[in-house]
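Colleague: This is coords.json (JSON, C-alpha atoms).
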[["chain", "number", "residue", "atom", "x", "y", "z"],
["A", 30, "MET", "CA", 79.11, 105.96, 116.59],
["A", 31, "THR", "CA", 81.03, 103.15, 114.92],
["A", 32, "ILE", "CA", 78.92, 103.35, 111.77],
["A", 33, "PHE", "CA", 79.30, 107.16, 111.79],
["A", 34, "ALA", "CA", 83.08, 106.84, 112.08],
["A", 35, "PHE", "CA", 83.02, 104.27, 109.27],
["A", 36, "ALA", "CA", 81.04, 106.67, 107.03],
["A", 37, "LEU", "CA", 83.46, 109.48, 107.87],
["A", 38, "ALA", "CA", 86.47, 107.29, 107.05],
["A", 39, "VAL", "CA", 84.90, 106.30, 103.73],
["A", 40, "THR", "CA", 84.34, 109.98, 102.88],
["A", 41, "ILE", "CA", 88.00, 110.73, 103.60],
["A", 42, "TYR", "CA", 89.06, 107.67, 101.65],
["A", 43, "VAL", "CA", 86.98, 108.62, 98.60],
["A", 44, "SER", "CA", 87.82, 112.34, 98.62],
["A", 45, "SER", "CA", 91.52, 112.22, 99.44],
["A", 46, "ASP", "CA", 92.77, 111.56, 95.91],
["A", 47, "THR", "CA", 91.04, 114.60, 94.42],
["A", 48, "THR", "CA", 92.03, 116.80, 97.36],
["A", 49, "ILE", "CA", 95.69, 115.80, 97.16],
["A", 50, "LEU", "CA", 95.66, 116.22, 93.38],
["A", 51, "GLY", "CA", 94.31, 119.75, 93.88],
["A", 52, "ILE", "CA", 97.07, 120.55, 96.35],
["A", 53, "LEU", "CA", 99.90, 119.14, 94.23],
["A", 54, "LYS", "CA", 98.68, 120.00, 90.72],
["A", 55, "ASN", "CA", 96.17, 122.52, 89.36],
["A", 56, "ASP", "CA", 92.47, 122.99, 88.66],
["A", 57, "TYR", "CA", 92.80, 121.55, 85.15],
["A", 58, "ALA", "CA", 94.17, 118.25, 86.49],
["A", 59, "VAL", "CA", 91.42, 118.12, 89.11],
["A", 60, "GLY", "CA", 88.76, 118.78, 86.46],
["A", 61, "ILE", "CA", 90.05, 116.02, 84.20],
["A", 62, "TYR", "CA", 90.34, 113.54, 87.07],
["A", 63, "SER", "CA", 86.95, 114.53, 88.52],
["A", 64, "THR", "CA", 85.33, 113.66, 85.20],
["A", 65, "SER", "CA", 86.78, 110.15, 85.45],
["A", 66, "VAL", "CA", 85.64, 109.82, 89.04],
["A", 67, "LYS", "CA", 82.10, 110.96, 88.24],
["A", 68, "ILE", "CA", 81.78, 108.41, 85.44],
["A", 69, "TYR", "CA", 83.21, 105.73, 87.72],
["A", 70, "GLN", "CA", 80.68, 106.67, 90.39],
["A", 71, "ILE", "CA", 77.79, 106.39, 87.92],
["A", 72, "ALA", "CA", 78.83, 102.85, 86.97],
["A", 73, "GLN", "CA", 79.46, 101.87, 90.57],
["A", 74, "SER", "CA", 76.10, 103.28, 91.70],
["A", 75, "LEU", "CA", 74.23, 101.28, 89.08],
["A", 76, "LEU", "CA", 75.90, 98.08, 90.23],
["A", 77, "SER", "CA", 75.66, 98.83, 93.93],
["A", 78, "ALA", "CA", 71.90, 99.32, 93.69],
["A", 79, "ILE", "CA", 71.64, 95.53, 93.89],
["A", 80, "LEU", "CA", 73.46, 95.66, 97.22],
["A", 81, "THR", "CA", 71.48, 98.56, 98.59],
["A", 82, "VAL", "CA", 68.19, 96.74, 98.24],
["A", 83, "THR", "CA", 69.45, 93.45, 99.70],
["A", 84, "ILE", "CA", 71.30, 94.74, 102.79],
["A", 85, "PRO", "CA", 68.13, 95.13, 104.94],
["A", 86, "ARG", "CA", 66.96, 91.63, 104.00],
["A", 87, "LEU", "CA", 70.34, 90.12, 104.76],
["A", 88, "ALA", "CA", 70.50, 91.93, 108.10],
["A", 89, "MET", "CA", 67.00, 90.73, 108.97],
["A", 90, "LEU", "CA", 67.79, 87.11, 108.05],
["A", 91, "TRP", "CA", 71.01, 87.20, 110.06],
["A", 92, "GLY", "CA", 69.26, 88.80, 113.04],
["A", 93, "GLN", "CA", 66.56, 86.13, 112.97],
["A", 94, "LYS", "CA", 69.25, 83.43, 112.77],
["A", 95, "ARG", "CA", 67.87, 82.18, 109.46],
["A", 96, "ARG", "CA", 71.36, 81.25, 108.25],
["A", 97, "ARG", "CA", 70.32, 79.03, 105.33],
["A", 98, "GLU", "CA", 68.15, 81.77, 103.82],
["A", 99, "TYR", "CA", 70.85, 84.35, 104.56],
["A", 100, "ASN", "CA", 73.44, 82.21, 102.77],
["A", 101, "ASP", "CA", 71.09, 81.68, 99.81],
["A", 102, "VAL", "CA", 70.42, 85.41, 99.39],
["A", 103, "LEU", "CA", 74.09, 86.30, 99.86],
["A", 104, "THR", "CA", 75.10, 83.68, 97.29],
["A", 105, "GLN", "CA", 72.57, 85.09, 94.82],
["A", 106, "VAL", "CA", 73.92, 88.61, 95.35],
["A", 107, "ILE", "CA", 77.53, 87.50, 94.91],
["A", 108, "ASN", "CA", 76.68, 85.47, 91.80],
["A", 109, "THR", "CA", 74.65, 88.27, 90.25],
["A", 110, "LEU", "CA", 77.32, 90.86, 90.88],
["A", 111, "GLY", "CA", 80.01, 88.43, 89.79],
["A", 112, "ILE", "CA", 78.27, 88.15, 86.43],
["A", 113, "LEU", "CA", 77.78, 91.93, 86.08],
["A", 114, "VAL", "CA", 80.83, 93.60, 87.63],
["A", 115, "LEU", "CA", 83.69, 92.27, 85.50],
["A", 116, "PRO", "CA", 81.92, 92.88, 82.15],
["A", 117, "ALA", "CA", 80.84, 96.33, 83.35],
["A", 118, "SER", "CA", 84.41, 97.24, 84.30],
["A", 119, "VAL", "CA", 85.90, 95.86, 81.09],
["A", 120, "GLY", "CA", 83.16, 97.51, 79.03],
["A", 121, "LEU", "CA", 83.80, 100.85, 80.71],
["A", 122, "ILE", "CA", 87.52, 100.48, 80.00],
["A", 123, "MET", "CA", 86.93, 99.58, 76.35],
["A", 124, "LEU", "CA", 84.34, 102.30, 75.76],
["A", 125, "SER", "CA", 85.86, 104.95, 78.00],
["A", 126, "GLY", "CA", 86.50, 107.36, 75.12],
["A", 127, "GLU", "CA", 82.93, 107.16, 73.91],
["A", 128, "VAL", "CA", 81.55, 107.43, 77.45],
["A", 129, "VAL", "CA", 83.63, 110.55, 78.15],
["A", 130, "LEU", "CA", 82.47, 112.10, 74.87],
["A", 131, "ILE", "CA", 78.82, 111.44, 75.67],
["A", 132, "ILE", "CA", 78.92, 112.51, 79.31],
["A", 133, "ALA", "CA", 81.51, 115.29, 79.37],
["A", 134, "GLY", "CA", 82.36, 116.28, 75.81],
["A", 135, "ARG", "CA", 85.48, 116.47, 73.66],
["A", 136, "LYS", "CA", 87.44, 118.83, 75.92],
["A", 137, "PHE", "CA", 87.46, 116.16, 78.66],
["A", 138, "LEU", "CA", 88.96, 113.39, 76.51],
["A", 139, "PRO", "CA", 92.22, 113.53, 78.51],
["A", 140, "SER", "CA", 90.25, 111.89, 81.33],
["A", 141, "VAL", "CA", 90.04, 108.62, 79.37],
["A", 142, "ASN", "CA", 93.37, 107.32, 80.73],
["A", 143, "SER", "CA", 92.46, 107.85, 84.37],
["A", 144, "LEU", "CA", 88.99, 106.39, 83.76],
["A", 145, "GLN", "CA", 90.54, 103.26, 82.29],
["A", 146, "ILE", "CA", 92.66, 102.87, 85.42],
["A", 147, "ILE", "CA", 89.99, 103.54, 88.04],
["A", 148, "ALA", "CA", 87.39, 101.42, 86.26],
["A", 149, "TRP", "CA", 89.17, 98.37, 87.69],
["A", 150, "ALA", "CA", 88.37, 99.67, 91.17],
["A", 151, "ILE", "CA", 84.68, 98.91, 90.59],
["A", 152, "ILE", "CA", 85.41, 95.21, 90.98],
["A", 153, "PHE", "CA", 87.20, 95.62, 94.29],
["A", 154, "SER", "CA", 84.79, 98.24, 95.58],
["A", 155, "ILE", "CA", 81.66, 96.17, 94.98],
["A", 156, "PHE", "CA", 83.07, 93.01, 96.53],
["A", 157, "ALA", "CA", 84.46, 94.94, 99.51],
["A", 158, "TRP", "CA", 81.01, 96.44, 99.96],
["A", 159, "ILE", "CA", 79.46, 92.97, 99.93],
["A", 160, "PHE", "CA", 81.90, 91.80, 102.57],
["A", 161, "SER", "CA", 81.50, 94.81, 104.84],
["A", 162, "ASP", "CA", 77.80, 95.71, 104.52],
["A", 163, "CYS", "CA", 76.32, 92.29, 103.77],
["A", 164, "VAL", "CA", 78.50, 90.07, 105.94],
["A", 165, "LEU", "CA", 80.38, 91.91, 108.69],
["A", 166, "ILE", "CA", 77.87, 94.59, 109.69],
["A", 167, "PRO", "CA", 74.87, 92.22, 109.99],
["A", 168, "ALA", "CA", 77.14, 89.95, 112.06],
["A", 169, "LYS", "CA", 77.82, 92.92, 114.39],
["A", 170, "ARG", "CA", 81.47, 93.22, 113.36],
["A", 171, "GLU", "CA", 81.32, 96.99, 112.82],
["A", 172, "LEU", "CA", 84.59, 97.57, 114.67],
["A", 173, "LYS", "CA", 86.41, 95.30, 112.22],
["A", 174, "VAL", "CA", 84.88, 97.21, 109.31],
["A", 175, "LEU", "CA", 85.90, 100.51, 110.88],
["A", 176, "ARG", "CA", 89.44, 99.31, 111.59],
["A", 177, "ASN", "CA", 89.91, 98.01, 108.04],
["A", 178, "THR", "CA", 88.44, 101.19, 106.56],
["A", 179, "LEU", "CA", 90.75, 103.38, 108.64],
["A", 180, "ILE", "CA", 93.77, 101.32, 107.60],
["A", 181, "THR", "CA", 92.86, 101.45, 103.91],
["A", 182, "ALA", "CA", 92.08, 105.17, 104.14],
["A", 183, "ALA", "CA", 95.52, 105.81, 105.64],
["A", 184, "ILE", "CA", 97.22, 103.66, 102.99],
["A", 185, "ASN", "CA", 95.23, 105.47, 100.29],
["A", 186, "VAL", "CA", 96.30, 108.91, 101.50],
["A", 187, "ILE", "CA", 99.95, 107.85, 101.84],
["A", 188, "LEU", "CA", 100.02, 106.23, 98.39],
["A", 189, "ASN", "CA", 98.31, 109.25, 96.84],
["A", 190, "LEU", "CA", 100.94, 111.55, 98.35],
["A", 191, "ILE", "CA", 103.81, 109.32, 97.25],
["A", 192, "LEU", "CA", 102.54, 108.64, 93.73],
["A", 193, "GLN", "CA", 101.42, 112.19, 92.99],
["A", 194, "SER", "CA", 104.68, 113.61, 94.36],
["A", 195, "ALA", "CA", 106.63, 111.18, 92.20],
["A", 196, "ASN", "CA", 104.60, 112.32, 89.19],
["A", 197, "LYS", "CA", 105.72, 115.95, 89.58]]
Please express what this file holds, its structure, as structure tokens.
Modeller:
Amino acid sequence: MTIFAFALAVTIYVSSDTTILGILKNDYAVGIYSTSVKIYQIAQSLLSAILTVTIPRLAMLWGQKRRREYNDVLTQVINTLGILVLPASVGLIMLSGEVVLIIAGRKFLPSVNSLQIIAWAIIFSIFAWIFSDCVLIPAKRELKVLRNTLITAAINVILNLILQSANK
């Protein structure tokens, strides 16, 4: 149930910005922002594939109390993603116009600004994912992950309401 609640909180956390934007603005704003989010999700998914394939191994090593091997694999994952994530984010920021043109077309060029802002979130998202899914969950700290996710989801919704209301 804890993992289910965590997944539900993540869904709320990820969807709240678009939902609030739709309530406070219009379909055009949602369409432009959704383009940015979809491109962000593509980049994040490519990088998170490294995590997805290592989580079972890390959980197995932790469960078997093979701490040295666990630490070695975790260090490799962190180092690999450390090398890839910052250049990927900066590259997406620098090439955001070209990426939007290729993926969505000329009429979605207004999404470049929001893409340049949310591209920074890839860095934080990937390293938060490492900490939660590769460290805390294998160590049976699911309640801490859930608590932190609920807190950040609440902060996200509140900040979205405040910032989008201020932008009216």
Colleague: Could you give me, as a VMD selection string, the residues within 12 Å of Ala150 in chain A, counting only C-alpha atoms and dropping anything in the same chain fewer than 2 positions from it?
Modeller: chain A and resid 43 66 69 to 70 72 to 73 114 to 115 117 to 119 121 to 122 143 to 148 152 to 158
Colleague: Select, from A:Leu130, A:Tyr42, A:Leu80, A:Arg170, the residue with the minimum atom-to-atom distance to Ile184 in chain A, counting all atoms listed in the file.
Modeller: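 With all atoms listed in the file as the atom set, the closest residue is A:Tyr42.
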Colleague: Show me, as a count of residues only, the residues that have an atom within 8 Å of range 48-53 of chain A when counting all atoms listed in the file, minus same-chain residues fewer than 2 positions from it.
Modeller: 11
Colleague: If I take CA of Tyr62 in chain A and CA of Thr47 in chain A, how far is one from the other in Å, to one decimal?
Modeller: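 CA of Thr47 in chain A lies 7.5 Å from CA of Tyr62 in chain A.
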Colleague: Give me, as a PyMOL selection string, all polymer residues having an atom no more than 10 Å from Lys169 in chain A, counting all atoms listed in the file and skipping those fewer than 4 positions away in the same chain.
Modeller: chain A and resi 88+91-92+164-165+173-174
Colleague: Can I get the selected residues back with C-alpha atoms, as a PDB file, in the coordinates of the input?
Modeller:
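The file below, out.pdb, is the result:
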ATOM      1  CA  ALA A  88      70.500  91.930 108.100  1.00  0.00           C
ATOM      2  CA  TRP A  91      71.010  87.200 110.060  1.00  0.00           C
ATOM      3  CA  GLY A  92      69.260  88.800 113.040  1.00  0.00           C
ATOM      4  CA  VAL A 164      78.500  90.070 105.940  1.00  0.00           C
ATOM      5  CA  LEU A 165      80.380  91.910 108.690  1.00  0.00           C
ATOM      6  CA  LYS A 173      86.410  95.300 112.220  1.00  0.00           C
ATOM      7  CA  VAL A 174      84.880  97.210 109.310  1.00  0.00           C
TER       8      VAL A 174
END
Colleague: Assuming 5 Å of padding per side, give the centre and edge lengths of the axis-aligned box around every listed atom of range 142-147 of chain A, in Å to one decimal and as lines of an AutoDock Vina configuration file.
Modeller:
center_x = 91.2
center_y = 105.4
center_z = 84.4
size_x = 14.4
size_y = 15.0
size_z = 17.3
Colleague: Go ahead and compute the interatomic distance for CA of Ile166 in chain A and CA of Met89 in chain A, in Å to one decimal.
Modeller: 11.6 Å
